[in-house]
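query_15.pdb follows (PDB, N, CA and C atoms):
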ATOM      1  N   MET A  16      53.527 -83.581 -93.317
ATOM      2  CA  MET A  16      54.502 -83.017 -92.391
ATOM      3  C   MET A  16      53.783 -82.184 -91.331
ATOM      4  N   THR A  17      54.257 -82.325 -90.133
ATOM      5  CA  THR A  17      53.678 -81.577 -89.018
ATOM      6  C   THR A  17      54.211 -80.155 -89.024
ATOM      7  N   LYS A  18      53.328 -79.214 -88.771
ATOM      8  CA  LYS A  18      53.742 -77.819 -88.662
ATOM      9  C   LYS A  18      53.517 -77.355 -87.232
ATOM     10  N   VAL A  19      54.344 -76.416 -86.794
ATOM     11  CA  VAL A  19      54.211 -75.854 -85.456
ATOM     12  C   VAL A  19      54.144 -74.333 -85.552
ATOM     13  N   LYS A  20      53.322 -73.753 -84.671
ATOM     14  CA  LYS A  20      53.232 -72.300 -84.574
ATOM     15  C   LYS A  20      54.056 -71.885 -83.370
ATOM     16  N   ILE A  21      55.024 -71.017 -83.585
ATOM     17  CA  ILE A  21      55.928 -70.570 -82.534
ATOM     18  C   ILE A  21      55.632 -69.102 -82.265
ATOM     19  N   LYS A  22      55.407 -68.772 -80.997
ATOM     20  CA  LYS A  22      55.073 -67.409 -80.610
ATOM     21  C   LYS A  22      56.061 -66.939 -79.550
ATOM     22  N   GLN A  23      56.642 -65.772 -79.772
ATOM     23  CA  GLN A  23      57.558 -65.200 -78.778
ATOM     24  C   GLN A  23      56.733 -64.559 -77.677
ATOM     25  N   VAL A  24      56.964 -64.968 -76.420
ATOM     26  CA  VAL A  24      56.183 -64.444 -75.311
ATOM     27  C   VAL A  24      57.024 -63.656 -74.317
ATOM     28  N   LYS A  25      58.342 -63.735 -74.423
ATOM     29  CA  LYS A  25      59.219 -62.970 -73.538
ATOM     30  C   LYS A  25      60.285 -62.264 -74.357
ATOM     31  N   SER A  26      60.819 -61.206 -73.790
ATOM     32  CA  SER A  26      61.823 -60.390 -74.457
ATOM     33  C   SER A  26      63.181 -61.082 -74.463
ATOM     34  N   VAL A  27      63.995 -60.735 -75.464
ATOM     35  CA  VAL A  27      65.363 -61.257 -75.517
ATOM     36  C   VAL A  27      66.363 -60.298 -74.871
ATOM     37  N   ILE A  28      65.850 -59.204 -74.313
ATOM     38  CA  ILE A  28      66.727 -58.280 -73.598
ATOM     39  C   ILE A  28      67.329 -59.018 -72.408
ATOM     40  N   ASP A  29      68.594 -58.823 -72.160
ATOM     41  CA  ASP A  29      69.319 -59.460 -71.056
ATOM     42  C   ASP A  29      69.512 -60.958 -71.256
ATOM     43  N   ARG A  30      69.452 -61.442 -72.483
ATOM     44  CA  ARG A  30      69.714 -62.850 -72.797
ATOM     45  C   ARG A  30      71.054 -62.939 -73.514
ATOM     46  N   SER A  31      71.594 -64.134 -73.575
ATOM     47  CA  SER A  31      72.886 -64.314 -74.232
ATOM     48  C   SER A  31      72.743 -64.082 -75.739
ATOM     49  N   LYS A  32      73.851 -63.773 -76.374
ATOM     50  CA  LYS A  32      73.849 -63.537 -77.824
ATOM     51  C   LYS A  32      73.362 -64.784 -78.559
ATOM     52  N   ARG A  33      73.722 -65.923 -78.048
ATOM     53  CA  ARG A  33      73.317 -67.176 -78.683
ATOM     54  C   ARG A  33      71.795 -67.337 -78.674
ATOM     55  N   GLN A  34      71.160 -66.992 -77.555
ATOM     56  CA  GLN A  34      69.704 -67.082 -77.482
ATOM     57  C   GLN A  34      69.050 -66.040 -78.374
ATOM     58  N   LYS A  35      69.599 -64.836 -78.407
ATOM     59  CA  LYS A  35      69.062 -63.789 -79.286
ATOM     60  C   LYS A  35      69.149 -64.230 -80.743
ATOM     61  N   ASP A  36      70.288 -64.809 -81.127
ATOM     62  CA  ASP A  36      70.467 -65.260 -82.506
ATOM     63  C   ASP A  36      69.513 -66.406 -82.853
ATOM     64  N   THR A  37      69.254 -67.277 -81.899
ATOM     65  CA  THR A  37      68.349 -68.398 -82.133
ATOM     66  C   THR A  37      66.922 -67.909 -82.346
ATOM     67  N   VAL A  38      66.470 -66.965 -81.518
ATOM     68  CA  VAL A  38      65.125 -66.414 -81.675
ATOM     69  C   VAL A  38      65.013 -65.707 -83.019
ATOM     70  N   ARG A  39      66.030 -64.975 -83.395
ATOM     71  CA  ARG A  39      66.044 -64.266 -84.678
ATOM     72  C   ARG A  39      66.026 -65.250 -85.853
ATOM     73  N   ALA A  40      66.773 -66.345 -85.720
ATOM     74  CA  ALA A  40      66.825 -67.353 -86.781
ATOM     75  C   ALA A  40      65.482 -68.064 -86.958
ATOM     76  N   LEU A  41      64.699 -68.116 -85.901
ATOM     77  CA  LEU A  41      63.358 -68.678 -86.013
ATOM     78  C   LEU A  41      62.409 -67.729 -86.736
ATOM     79  N   GLY A  42      62.839 -66.491 -86.944
ATOM     80  CA  GLY A  42      62.021 -65.520 -87.662
ATOM     81  C   GLY A  42      61.228 -64.610 -86.754
ATOM     82  N   LEU A  43      61.563 -64.593 -85.471
ATOM     83  CA  LEU A  43      60.833 -63.772 -84.505
ATOM     84  C   LEU A  43      61.598 -62.491 -84.225
ATOM     85  N   LYS A  44      60.872 -61.365 -84.226
ATOM     86  CA  LYS A  44      61.506 -60.072 -83.988
ATOM     87  C   LYS A  44      60.878 -59.329 -82.818
ATOM     88  N   LYS A  45      59.593 -59.575 -82.558
ATOM     89  CA  LYS A  45      58.864 -58.829 -81.532
ATOM     90  C   LYS A  45      58.106 -59.794 -80.628
ATOM     91  N   ILE A  46      57.780 -59.324 -79.442
ATOM     92  CA  ILE A  46      56.937 -60.105 -78.540
ATOM     93  C   ILE A  46      55.552 -60.229 -79.163
ATOM     94  N   ASN A  47      54.949 -61.386 -78.993
ATOM     95  CA  ASN A  47      53.629 -61.762 -79.524
ATOM     96  C   ASN A  47      53.622 -62.004 -81.027
ATOM     97  N   GLN A  48      54.762 -61.982 -81.669
ATOM     98  CA  GLN A  48      54.823 -62.329 -83.083
ATOM     99  C   GLN A  48      54.785 -63.844 -83.208
ATOM    100  N   GLU A  49      54.092 -64.337 -84.235
ATOM    101  CA  GLU A  49      53.973 -65.769 -84.465
ATOM    102  C   GLU A  49      54.529 -66.121 -85.835
ATOM    103  N   VAL A  50      55.166 -67.288 -85.912
ATOM    104  CA  VAL A  50      55.638 -67.828 -87.183
ATOM    105  C   VAL A  50      55.257 -69.303 -87.228
ATOM    106  N   VAL A  51      55.109 -69.827 -88.434
ATOM    107  CA  VAL A  51      54.794 -71.241 -88.623
ATOM    108  C   VAL A  51      55.958 -71.887 -89.349
ATOM    109  N   HIS A  52      56.430 -73.004 -88.801
ATOM    110  CA  HIS A  52      57.531 -73.757 -89.398
ATOM    111  C   HIS A  52      57.147 -75.229 -89.466
ATOM    112  N   VAL A  53      57.769 -75.945 -90.384
ATOM    113  CA  VAL A  53      57.658 -77.397 -90.406
ATOM    114  C   VAL A  53      58.485 -77.929 -89.240
ATOM    115  N   ALA A  54      57.967 -78.913 -88.537
ATOM    116  CA  ALA A  54      58.611 -79.416 -87.314
ATOM    117  C   ALA A  54      59.766 -80.359 -87.645
ATOM    118  N   THR A  55      60.834 -79.806 -88.194
ATOM    119  CA  THR A  55      62.037 -80.601 -88.467
ATOM    120  C   THR A  55      62.853 -80.714 -87.186
ATOM    121  N   PRO A  56      63.767 -81.675 -87.124
ATOM    122  CA  PRO A  56      64.615 -81.786 -85.936
ATOM    123  C   PRO A  56      65.428 -80.515 -85.667
ATOM    124  N   GLN A  57      65.826 -79.814 -86.710
ATOM    125  CA  GLN A  57      66.600 -78.590 -86.536
ATOM    126  C   GLN A  57      65.757 -77.496 -85.880
ATOM    127  N   ILE A  58      64.543 -77.301 -86.359
ATOM    128  CA  ILE A  58      63.651 -76.283 -85.793
ATOM    129  C   ILE A  58      63.301 -76.636 -84.351
ATOM    130  N   MET A  59      62.983 -77.895 -84.089
ATOM    131  CA  MET A  59      62.606 -78.292 -82.736
ATOM    132  C   MET A  59      63.792 -78.168 -81.773
ATOM    133  N   GLY A  60      65.003 -78.380 -82.259
ATOM    134  CA  GLY A  60      66.187 -78.177 -81.426
ATOM    135  C   GLY A  60      66.374 -76.710 -81.079
ATOM    136  N   MET A  61      66.121 -75.833 -82.045
ATOM    137  CA  MET A  61      66.219 -74.395 -81.786
ATOM    138  C   MET A  61      65.162 -73.968 -80.771
ATOM    139  N   VAL A  62      63.941 -74.486 -80.940
ATOM    140  CA  VAL A  62      62.858 -74.155 -80.019
ATOM    141  C   VAL A  62      63.209 -74.632 -78.613
ATOM    142  N   ASP A  63      63.801 -75.803 -78.507
ATOM    143  CA  ASP A  63      64.160 -76.352 -77.197
ATOM    144  C   ASP A  63      65.164 -75.454 -76.474
ATOM    145  N   LYS A  64      66.062 -74.819 -77.206
ATOM    146  CA  LYS A  64      67.078 -73.950 -76.600
ATOM    147  C   LYS A  64      66.505 -72.638 -76.083
ATOM    148  N   VAL A  65      65.372 -72.204 -76.631
ATOM    149  CA  VAL A  65      64.757 -70.950 -76.184
ATOM    150  C   VAL A  65      63.325 -71.183 -75.692
ATOM    151  N   ARG A  66      63.062 -72.369 -75.160
ATOM    152  CA  ARG A  66      61.714 -72.746 -74.716
ATOM    153  C   ARG A  66      61.156 -71.775 -73.680
ATOM    154  N   HIS A  67      62.014 -71.153 -72.876
ATOM    155  CA  HIS A  67      61.569 -70.209 -71.854
ATOM    156  C   HIS A  67      61.141 -68.861 -72.440
ATOM    157  N   LEU A  68      61.404 -68.625 -73.722
ATOM    158  CA  LEU A  68      61.055 -67.359 -74.363
ATOM    159  C   LEU A  68      59.878 -67.493 -75.340
ATOM    160  N   VAL A  69      59.514 -68.718 -75.707
ATOM    161  CA  VAL A  69      58.497 -68.935 -76.733
ATOM    162  C   VAL A  69      57.471 -69.949 -76.261
ATOM    163  N   THR A  70      56.323 -69.952 -76.953
ATOM    164  CA  THR A  70      55.346 -71.036 -76.791
ATOM    165  C   THR A  70      55.214 -71.723 -78.135
ATOM    166  N   VAL A  71      54.871 -72.997 -78.086
ATOM    167  CA  VAL A  71      54.779 -73.801 -79.306
ATOM    168  C   VAL A  71      53.457 -74.552 -79.279
ATOM    169  N   GLU A  72      52.774 -74.532 -80.428
ATOM    170  CA  GLU A  72      51.574 -75.359 -80.552
ATOM    171  C   GLU A  72      51.533 -75.941 -81.953
ATOM    172  N   GLU A  73      50.970 -77.137 -82.041
ATOM    173  CA  GLU A  73      50.890 -77.830 -83.315
ATOM    174  C   GLU A  73      49.762 -77.241 -84.151
ATOM    175  N   VAL A  74      50.018 -77.097 -85.444
ATOM    176  CA  VAL A  74      49.019 -76.582 -86.379
ATOM    177  C   VAL A  74      48.455 -77.752 -87.156
ATOM    178  N   LYS A  75      47.149 -77.799 -87.255
ATOM    179  CA  LYS A  75      46.498 -78.907 -87.992
ATOM    180  C   LYS A  75      46.504 -78.627 -89.472
TER
END
Encoding of this model in C-alpha cells:
Amino acid sequence: MTKVKIKQVKSVIDRSKRQKDTVRALGLKKINQEVVHVATPQIMGMVDKVRHLVTVEEVK
C-alpha cells in the first residue's frame, strides 16, 4: 500500500468550517505538522479539498 506524508503549510484561520474540519480529520493541528496516512480514496479526497493548505509527498 502506498503511503503519503501530508504537511500543513498554511493556517486554517479565515477558512470555512468544512475546510477546518477536514484538516483536523487528517490529524493536523499546527502549521508544519506532518502526518503519514495510507493513500486510500477517502484520504486523497480529503487532501484534494484542502490542497491549498497542505503539501503531499509519497513515502517509500
Exercise: range 35-44 of chain A partners within 8 Å, all atoms listed in the file, chain neighbours under 3 positions left out, as a JSON list (two decimals) with N, CA and C atoms, in the frame of the given file:
[["chain", "number", "residue", "atom", "x", "y", "z"],
["A", 21, "ILE", "N", 55.02, -71.02, -83.58],
["A", 21, "ILE", "CA", 55.93, -70.57, -82.53],
["A", 21, "ILE", "C", 55.63, -69.10, -82.26],
["A", 22, "LYS", "N", 55.41, -68.77, -81.00],
["A", 22, "LYS", "CA", 55.07, -67.41, -80.61],
["A", 22, "LYS", "C", 56.06, -66.94, -79.55],
["A", 23, "GLN", "N", 56.64, -65.77, -79.77],
["A", 23, "GLN", "CA", 57.56, -65.20, -78.78],
["A", 23, "GLN", "C", 56.73, -64.56, -77.68],
["A", 27, "VAL", "N", 64.00, -60.74, -75.46],
["A", 27, "VAL", "CA", 65.36, -61.26, -75.52],
["A", 27, "VAL", "C", 66.36, -60.30, -74.87],
["A", 28, "ILE", "N", 65.85, -59.20, -74.31],
["A", 28, "ILE", "CA", 66.73, -58.28, -73.60],
["A", 28, "ILE", "C", 67.33, -59.02, -72.41],
["A", 30, "ARG", "N", 69.45, -61.44, -72.48],
["A", 30, "ARG", "CA", 69.71, -62.85, -72.80],
["A", 30, "ARG", "C", 71.05, -62.94, -73.51],
["A", 31, "SER", "N", 71.59, -64.13, -73.58],
["A", 31, "SER", "CA", 72.89, -64.31, -74.23],
["A", 31, "SER", "C", 72.74, -64.08, -75.74],
["A", 32, "LYS", "N", 73.85, -63.77, -76.37],
["A", 32, "LYS", "CA", 73.85, -63.54, -77.82],
["A", 32, "LYS", "C", 73.36, -64.78, -78.56],
["A", 47, "ASN", "N", 54.95, -61.39, -78.99],
["A", 47, "ASN", "CA", 53.63, -61.76, -79.52],
["A", 47, "ASN", "C", 53.62, -62.00, -81.03],
["A", 48, "GLN", "N", 54.76, -61.98, -81.67],
["A", 48, "GLN", "CA", 54.82, -62.33, -83.08],
["A", 48, "GLN", "C", 54.78, -63.84, -83.21],
["A", 49, "GLU", "N", 54.09, -64.34, -84.24],
["A", 49, "GLU", "CA", 53.97, -65.77, -84.46],
["A", 49, "GLU", "C", 54.53, -66.12, -85.84],
["A", 50, "VAL", "N", 55.17, -67.29, -85.91],
["A", 50, "VAL", "CA", 55.64, -67.83, -87.18],
["A", 50, "VAL", "C", 55.26, -69.30, -87.23],
["A", 51, "VAL", "N", 55.11, -69.83, -88.43],
["A", 51, "VAL", "CA", 54.79, -71.24, -88.62],
["A", 51, "VAL", "C", 55.96, -71.89, -89.35],
["A", 58, "ILE", "N", 64.54, -77.30, -86.36],
["A", 58, "ILE", "CA", 63.65, -76.28, -85.79],
["A", 58, "ILE", "C", 63.30, -76.64, -84.35],
["A", 61, "MET", "N", 66.12, -75.83, -82.04],
["A", 61, "MET", "CA", 66.22, -74.40, -81.79],
["A", 61, "MET", "C", 65.16, -73.97, -80.77],
["A", 62, "VAL", "N", 63.94, -74.49, -80.94],
["A", 62, "VAL", "CA", 62.86, -74.16, -80.02],
["A", 62, "VAL", "C", 63.21, -74.63, -78.61],
["A", 64, "LYS", "N", 66.06, -74.82, -77.21],
["A", 64, "LYS", "CA", 67.08, -73.95, -76.60],
["A", 64, "LYS", "C", 66.50, -72.64, -76.08],
["A", 65, "VAL", "N", 65.37, -72.20, -76.63],
["A", 65, "VAL", "CA", 64.76, -70.95, -76.18],
["A", 65, "VAL", "C", 63.32, -71.18, -75.69]]
Q: Write down as a PyMOL selection string the residues belonging to chain A that are assigned alpha helix (DSSP H) by DSSP computed on the backbone.
A: chain A and resi 32-40+56-64
Check your understanding: Do you know which residues are at most 6 Å from Glu73 in chain A counting only N, CA and C atoms, after dropping those on the same chain fewer than 2 positions away, and could you put them as a list in words?
Key -> Lys18, Val19, Lys20, Val71 and Lys75 of chain A
Among the residues of chain A, find those DSSP assigns to strand (DSSP E or B) from the backbone and print them as a VMD selection string. chain A and resid 18 to 23 49 to 53 69 to 74
- 6 Å contact set for Lys25 in chain A, only N, CA and C atoms, chain neighbours under 3 positions out, as a PyMOL selection string: chain A and resi 46+68-69
